Amino acid sequence: MNEKIKNNYFIKNHVQAKNLILETTFLDGYQKTKEIILFETLNYVALQELDAAERSFFALIADAEPVNETFRKIKFKSTEKAFVLSFIIPGSGQIYAGHPLKGVLSLSIQAPLFYFGLNGIQRGYIFTESIPSIALFQGFYFGGAEYAKELVLQRNQREVEELSLAILRKAKKEVSF
């Protein structure tokens with residue numbers, strides 16, 4: 001069972017690893033090793049289930065206060081929120097994801113394209129000005145919303161990696177591989 005848990009963690013099949021970990025709690029006579037508790041903690045971090053990761057980590061290490069502060073500081077951002085913000089105001093999803101320059105750049109590209117599209121309709125230049133401007137605006141608009149989601153995913157992944165490293169540093173003394 002231990003090897004299955006570790007293998008699923010390493011191939012990033014975190015849901016299956018979690019299911020195997022949960023199965024072990026119902027096996028008679030199964031005693032979790034410190035190594036499996038460490039993998040359980042890292043797996044919960046990868047799944048962004050910080051409460052469960054924190055409980056598991058405290059079961060592994062008695063003096064976990066320095067890492068406990070790291071658990072408390074992490075706030076994962078929502079990909080859906082970034083997506084919706086970019087639809088409401090172009091560039092705001094990138095700003096929410098922690099990239100204000102990319103957000104301002106996105107807005108500064110999309111606003112003139114939208115203006116030129118509407119201005120072309122008003123002046124009667126539908127085929128030469130409006131359609132190309134609106135087509136470009138639409139590409140940047142939908143692409144910007146998707147890009148905001150991607151930026152949030154990257155940010156959340158960096159948070160997971162930093163927390164995992166802090167856990168491994170603290171657990172190094174407790175668990176031998």
# chains A, B, ... in the order shown; residues from 1 in each chain; ligands from 1
>>> residues_around(residues="Gly144 (chain A)", least_positions_apart="4", cutoff="12 Å", atoms="only C-alpha atoms", output="PyMOL selection string")
chain A and resi 82-95+102-107+109-110+136-140+148-151
>>> residues_around(residues="region 157-164 of chain A", least_positions_apart="5", cutoff="9 Å", atoms="only C-alpha atoms", output="PyMOL selection string")
chain A and resi 41-42+45-48+67+70-71+74-76+152+169
>>> write_last_selection(atoms="all heavy atoms", output="short mmCIF file (atom, residue, chain, number, x, y, z; two decimals), in the first residue's frame")
data_model
loop_
_atom_site.label_atom_id
_atom_site.label_comp_id
_atom_site.auth_asym_id
_atom_site.auth_seq_id
_atom_site.Cartn_x
_atom_site.Cartn_y
_atom_site.Cartn_z
N THR A 41 0.85 14.54 3.73
CA THR A 41 0.89 16.01 3.87
C THR A 41 1.16 16.67 2.53
O THR A 41 0.46 17.60 2.13
CB THR A 41 1.98 16.41 4.88
OG1 THR A 41 1.73 15.75 6.12
CG2 THR A 41 2.00 17.90 5.09
N LEU A 42 2.18 16.19 1.82
CA LEU A 42 2.54 16.77 0.52
C LEU A 42 1.41 16.60 -0.49
O LEU A 42 1.16 17.48 -1.32
CB LEU A 42 3.83 16.15 0.00
CG LEU A 42 5.08 16.46 0.82
CD1 LEU A 42 6.26 15.63 0.31
CD2 LEU A 42 5.41 17.94 0.77
N VAL A 45 -1.23 19.15 0.19
CA VAL A 45 -0.78 20.46 -0.28
C VAL A 45 -0.98 20.55 -1.79
O VAL A 45 -1.47 21.56 -2.32
CB VAL A 45 0.70 20.71 0.10
CG1 VAL A 45 1.25 21.93 -0.62
CG2 VAL A 45 0.83 20.89 1.60
N ALA A 46 -0.60 19.50 -2.52
CA ALA A 46 -0.76 19.50 -3.98
C ALA A 46 -2.22 19.62 -4.39
O ALA A 46 -2.53 20.22 -5.41
CB ALA A 46 -0.16 18.23 -4.57
N LEU A 47 -3.13 19.06 -3.57
CA LEU A 47 -4.56 19.18 -3.84
C LEU A 47 -5.14 20.49 -3.32
O LEU A 47 -6.34 20.73 -3.45
CB LEU A 47 -5.31 18.00 -3.22
CG LEU A 47 -5.06 16.64 -3.86
CD1 LEU A 47 -5.67 15.53 -3.01
CD2 LEU A 47 -5.62 16.60 -5.27
N GLN A 48 -4.31 21.31 -2.71
CA GLN A 48 -4.68 22.61 -2.15
C GLN A 48 -5.70 22.47 -1.02
O GLN A 48 -6.56 23.32 -0.82
CB GLN A 48 -5.18 23.56 -3.23
CG GLN A 48 -4.12 23.86 -4.27
CD GLN A 48 -4.58 24.81 -5.34
OE1 GLN A 48 -5.66 25.38 -5.27
NE2 GLN A 48 -3.75 24.99 -6.35
N VAL A 67 6.48 26.26 10.17
CA VAL A 67 5.75 25.90 8.96
C VAL A 67 4.27 26.25 9.11
O VAL A 67 3.60 26.60 8.15
CB VAL A 67 5.95 24.41 8.64
CG1 VAL A 67 5.14 24.00 7.42
CG2 VAL A 67 7.42 24.12 8.40
N THR A 70 3.54 29.41 7.65
CA THR A 70 3.49 29.34 6.19
C THR A 70 2.12 28.85 5.74
O THR A 70 1.56 29.35 4.77
CB THR A 70 4.59 28.39 5.67
OG1 THR A 70 5.84 28.77 6.22
CG2 THR A 70 4.68 28.43 4.15
N PHE A 71 1.56 27.85 6.46
CA PHE A 71 0.21 27.37 6.14
C PHE A 71 -0.79 28.52 6.23
O PHE A 71 -1.68 28.65 5.41
CB PHE A 71 -0.23 26.28 7.13
CG PHE A 71 0.22 24.90 6.78
CD1 PHE A 71 1.18 24.25 7.54
CD2 PHE A 71 -0.34 24.23 5.71
CE1 PHE A 71 1.57 22.96 7.23
CE2 PHE A 71 0.05 22.94 5.39
CZ PHE A 71 1.01 22.31 6.16
N ILE A 74 -0.67 31.29 3.22
CA ILE A 74 -1.03 30.93 1.84
C ILE A 74 -2.52 31.12 1.62
O ILE A 74 -3.34 30.62 2.37
CB ILE A 74 -0.62 29.48 1.53
CG1 ILE A 74 0.89 29.41 1.44
CG2 ILE A 74 -1.26 29.00 0.26
CD1 ILE A 74 1.42 28.07 1.07
N LYS A 75 -2.82 31.85 0.57
CA LYS A 75 -4.19 32.05 0.13
C LYS A 75 -4.22 31.76 -1.37
O LYS A 75 -3.66 32.53 -2.16
CB LYS A 75 -4.66 33.48 0.39
CG LYS A 75 -4.63 33.89 1.83
CD LYS A 75 -5.78 33.32 2.60
CE LYS A 75 -5.85 33.88 3.98
NZ LYS A 75 -5.62 32.96 5.02
N PHE A 76 -4.84 30.66 -1.73
CA PHE A 76 -4.93 30.34 -3.15
C PHE A 76 -5.94 31.24 -3.82
O PHE A 76 -6.97 31.57 -3.24
CB PHE A 76 -5.32 28.87 -3.34
CG PHE A 76 -4.25 27.91 -2.93
CD1 PHE A 76 -4.45 27.07 -1.86
CD2 PHE A 76 -3.06 27.85 -3.61
CE1 PHE A 76 -3.47 26.19 -1.47
CE2 PHE A 76 -2.06 26.97 -3.22
CZ PHE A 76 -2.27 26.14 -2.15
N VAL A 152 -3.20 32.59 -12.69
CA VAL A 152 -3.60 32.16 -11.35
C VAL A 152 -3.14 30.74 -11.08
O VAL A 152 -2.63 30.43 -10.00
CB VAL A 152 -5.13 32.30 -11.16
CG1 VAL A 152 -5.60 31.58 -9.91
CG2 VAL A 152 -5.52 33.76 -11.10
N ARG A 169 11.85 20.62 4.32
CA ARG A 169 12.97 21.09 5.15
C ARG A 169 12.74 20.75 6.62
O ARG A 169 13.63 20.32 7.32
CB ARG A 169 13.16 22.60 4.98
CG ARG A 169 13.92 22.97 3.76
CD ARG A 169 14.28 24.46 3.76
NE ARG A 169 14.31 24.92 2.39
CZ ARG A 169 13.39 25.67 1.80
NH1 ARG A 169 12.36 26.13 2.48
NH2 ARG A 169 13.51 26.02 0.55
#
>>> closest_atom_pairs(of="region 45-116 of chain A", to="region 125-133 of chain A", cutoff="10 Å", atoms="only C-alpha atoms", output="JSON lines")
{"residue": "A:Gln110", "atom": "CA", "partner": "A:Ser133", "partner_atom": "CA", "distance": 9.5}
{"residue": "A:Pro112", "atom": "CA", "partner": "A:Ser133", "partner_atom": "CA", "distance": 8.7}
{"residue": "A:Leu113", "atom": "CA", "partner": "A:Ser133", "partner_atom": "CA", "distance": 5.2}
{"residue": "A:Phe114", "atom": "CA", "partner": "A:Ser133", "partner_atom": "CA", "distance": 6.7}
{"residue": "A:Tyr115", "atom": "CA", "partner": "A:Ser133", "partner_atom": "CA", "distance": 8.4}
{"residue": "A:Phe116", "atom": "CA", "partner": "A:Ser133", "partner_atom": "CA", "distance": 6.1}
>>> atom_distance(atom1="CA of Ile11 (chain A)", atom2="CA of Glu35 (chain A)")
17.2 Å
>>> atom_distance(atom1="CA of Thr25 (chain A)", atom2="CA of Phe39 (chain A)")
14.6 Å
>>> select_by_dssp(residues="region 11-122 of chain A", states="helix (DSSP H, G or I)", output="ChimeraX atom specification")
/A:14-24,34-46,50-60,65-73,79-88,92-96,100-122
>>> write_last_selection(atoms="C-alpha atoms", output="CSV table (one decimal), in the first residue's frame")
chain,number,residue,atom,x,y,z
A,14,HIS,CA,-3.0,13.1,-6.3
A,15,VAL,CA,-6.7,12.1,-6.2
A,16,GLN,CA,-5.8,8.4,-6.4
A,17,ALA,CA,-3.1,8.9,-3.7
A,18,LYS,CA,-5.6,10.6,-1.5
A,19,ASN,CA,-8.0,7.7,-1.9
A,20,LEU,CA,-5.3,5.2,-1.1
A,21,ILE,CA,-4.4,7.2,2.0
A,22,LEU,CA,-8.0,7.3,3.1
A,23,GLU,CA,-8.3,3.5,2.6
A,24,THR,CA,-5.4,2.9,5.0
A,34,LYS,CA,6.3,8.8,9.2
A,35,GLU,CA,7.2,8.6,5.5
A,36,ILE,CA,3.6,8.0,4.5
A,37,ILE,CA,2.4,10.8,6.7
A,38,LEU,CA,4.9,13.1,5.0
A,39,PHE,CA,3.5,11.9,1.6
A,40,GLU,CA,0.0,12.4,2.9
A,41,THR,CA,0.9,16.0,3.9
A,42,LEU,CA,2.5,16.8,0.5
A,43,ASN,CA,-0.4,15.2,-1.3
A,44,TYR,CA,-2.9,17.4,0.5
A,45,VAL,CA,-0.8,20.5,-0.3
A,46,ALA,CA,-0.8,19.5,-4.0
A,50,LEU,CA,-4.4,23.1,3.5
A,51,ASP,CA,-6.5,22.2,6.6
A,52,ALA,CA,-6.0,18.5,6.0
A,53,ALA,CA,-2.3,19.1,5.2
A,54,GLU,CA,-1.8,21.0,8.4
A,55,ARG,CA,-3.5,18.3,10.5
A,56,SER,CA,-1.4,15.6,8.8
A,57,PHE,CA,1.8,17.6,9.3
A,58,PHE,CA,1.2,18.1,13.0
A,59,ALA,CA,0.8,14.4,13.3
A,60,LEU,CA,4.2,14.0,11.8
A,65,GLU,CA,5.2,26.3,14.4
A,66,PRO,CA,7.5,27.8,11.7
A,67,VAL,CA,5.7,25.9,9.0
A,68,ASN,CA,2.4,26.6,10.6
A,69,GLU,CA,2.9,30.3,9.8
A,70,THR,CA,3.5,29.3,6.2
A,71,PHE,CA,0.2,27.4,6.1
A,72,ARG,CA,-1.6,30.4,7.5
A,73,LYS,CA,-0.1,32.9,5.0
A,79,THR,CA,-9.2,30.8,-11.5
A,80,GLU,CA,-12.9,31.4,-12.0
A,81,LYS,CA,-12.7,34.8,-10.3
A,82,ALA,CA,-9.7,35.8,-12.5
A,83,PHE,CA,-11.7,34.7,-15.6
A,84,VAL,CA,-14.8,36.7,-14.6
A,85,LEU,CA,-12.8,39.8,-13.6
A,86,SER,CA,-11.2,39.8,-17.1
A,87,PHE,CA,-14.6,39.7,-18.7
A,88,ILE,CA,-15.9,42.6,-16.6
A,92,SER,CA,-8.3,43.0,-14.1
A,93,GLY,CA,-7.9,39.2,-14.0
A,94,GLN,CA,-4.2,39.6,-14.6
A,95,ILE,CA,-4.0,42.2,-11.8
A,96,TYR,CA,-5.9,39.9,-9.5
A,100,PRO,CA,-0.4,44.4,-12.6
A,101,LEU,CA,1.8,45.4,-15.6
A,102,LYS,CA,0.3,42.6,-17.7
A,103,GLY,CA,-3.2,43.7,-16.7
A,104,VAL,CA,-2.5,47.3,-17.6
A,105,LEU,CA,-1.0,46.2,-20.9
A,106,SER,CA,-4.0,44.1,-21.7
A,107,LEU,CA,-6.4,47.0,-21.0
A,108,SER,CA,-4.2,49.4,-23.0
A,109,ILE,CA,-4.4,47.1,-26.0
A,110,GLN,CA,-8.0,46.2,-25.8
A,111,ALA,CA,-9.5,49.6,-25.1
A,112,PRO,CA,-8.2,51.3,-28.3
A,113,LEU,CA,-9.3,48.3,-30.4
A,114,PHE,CA,-12.8,48.5,-29.0
A,115,TYR,CA,-12.8,52.3,-29.6
A,116,PHE,CA,-11.6,52.0,-33.2
A,117,GLY,CA,-14.2,49.3,-33.8
A,118,LEU,CA,-17.1,51.5,-32.6
A,119,ASN,CA,-15.6,54.6,-34.2
A,120,GLY,CA,-15.4,52.8,-37.5
A,121,ILE,CA,-19.1,51.9,-37.3
A,122,GLN,CA,-20.0,55.5,-36.5
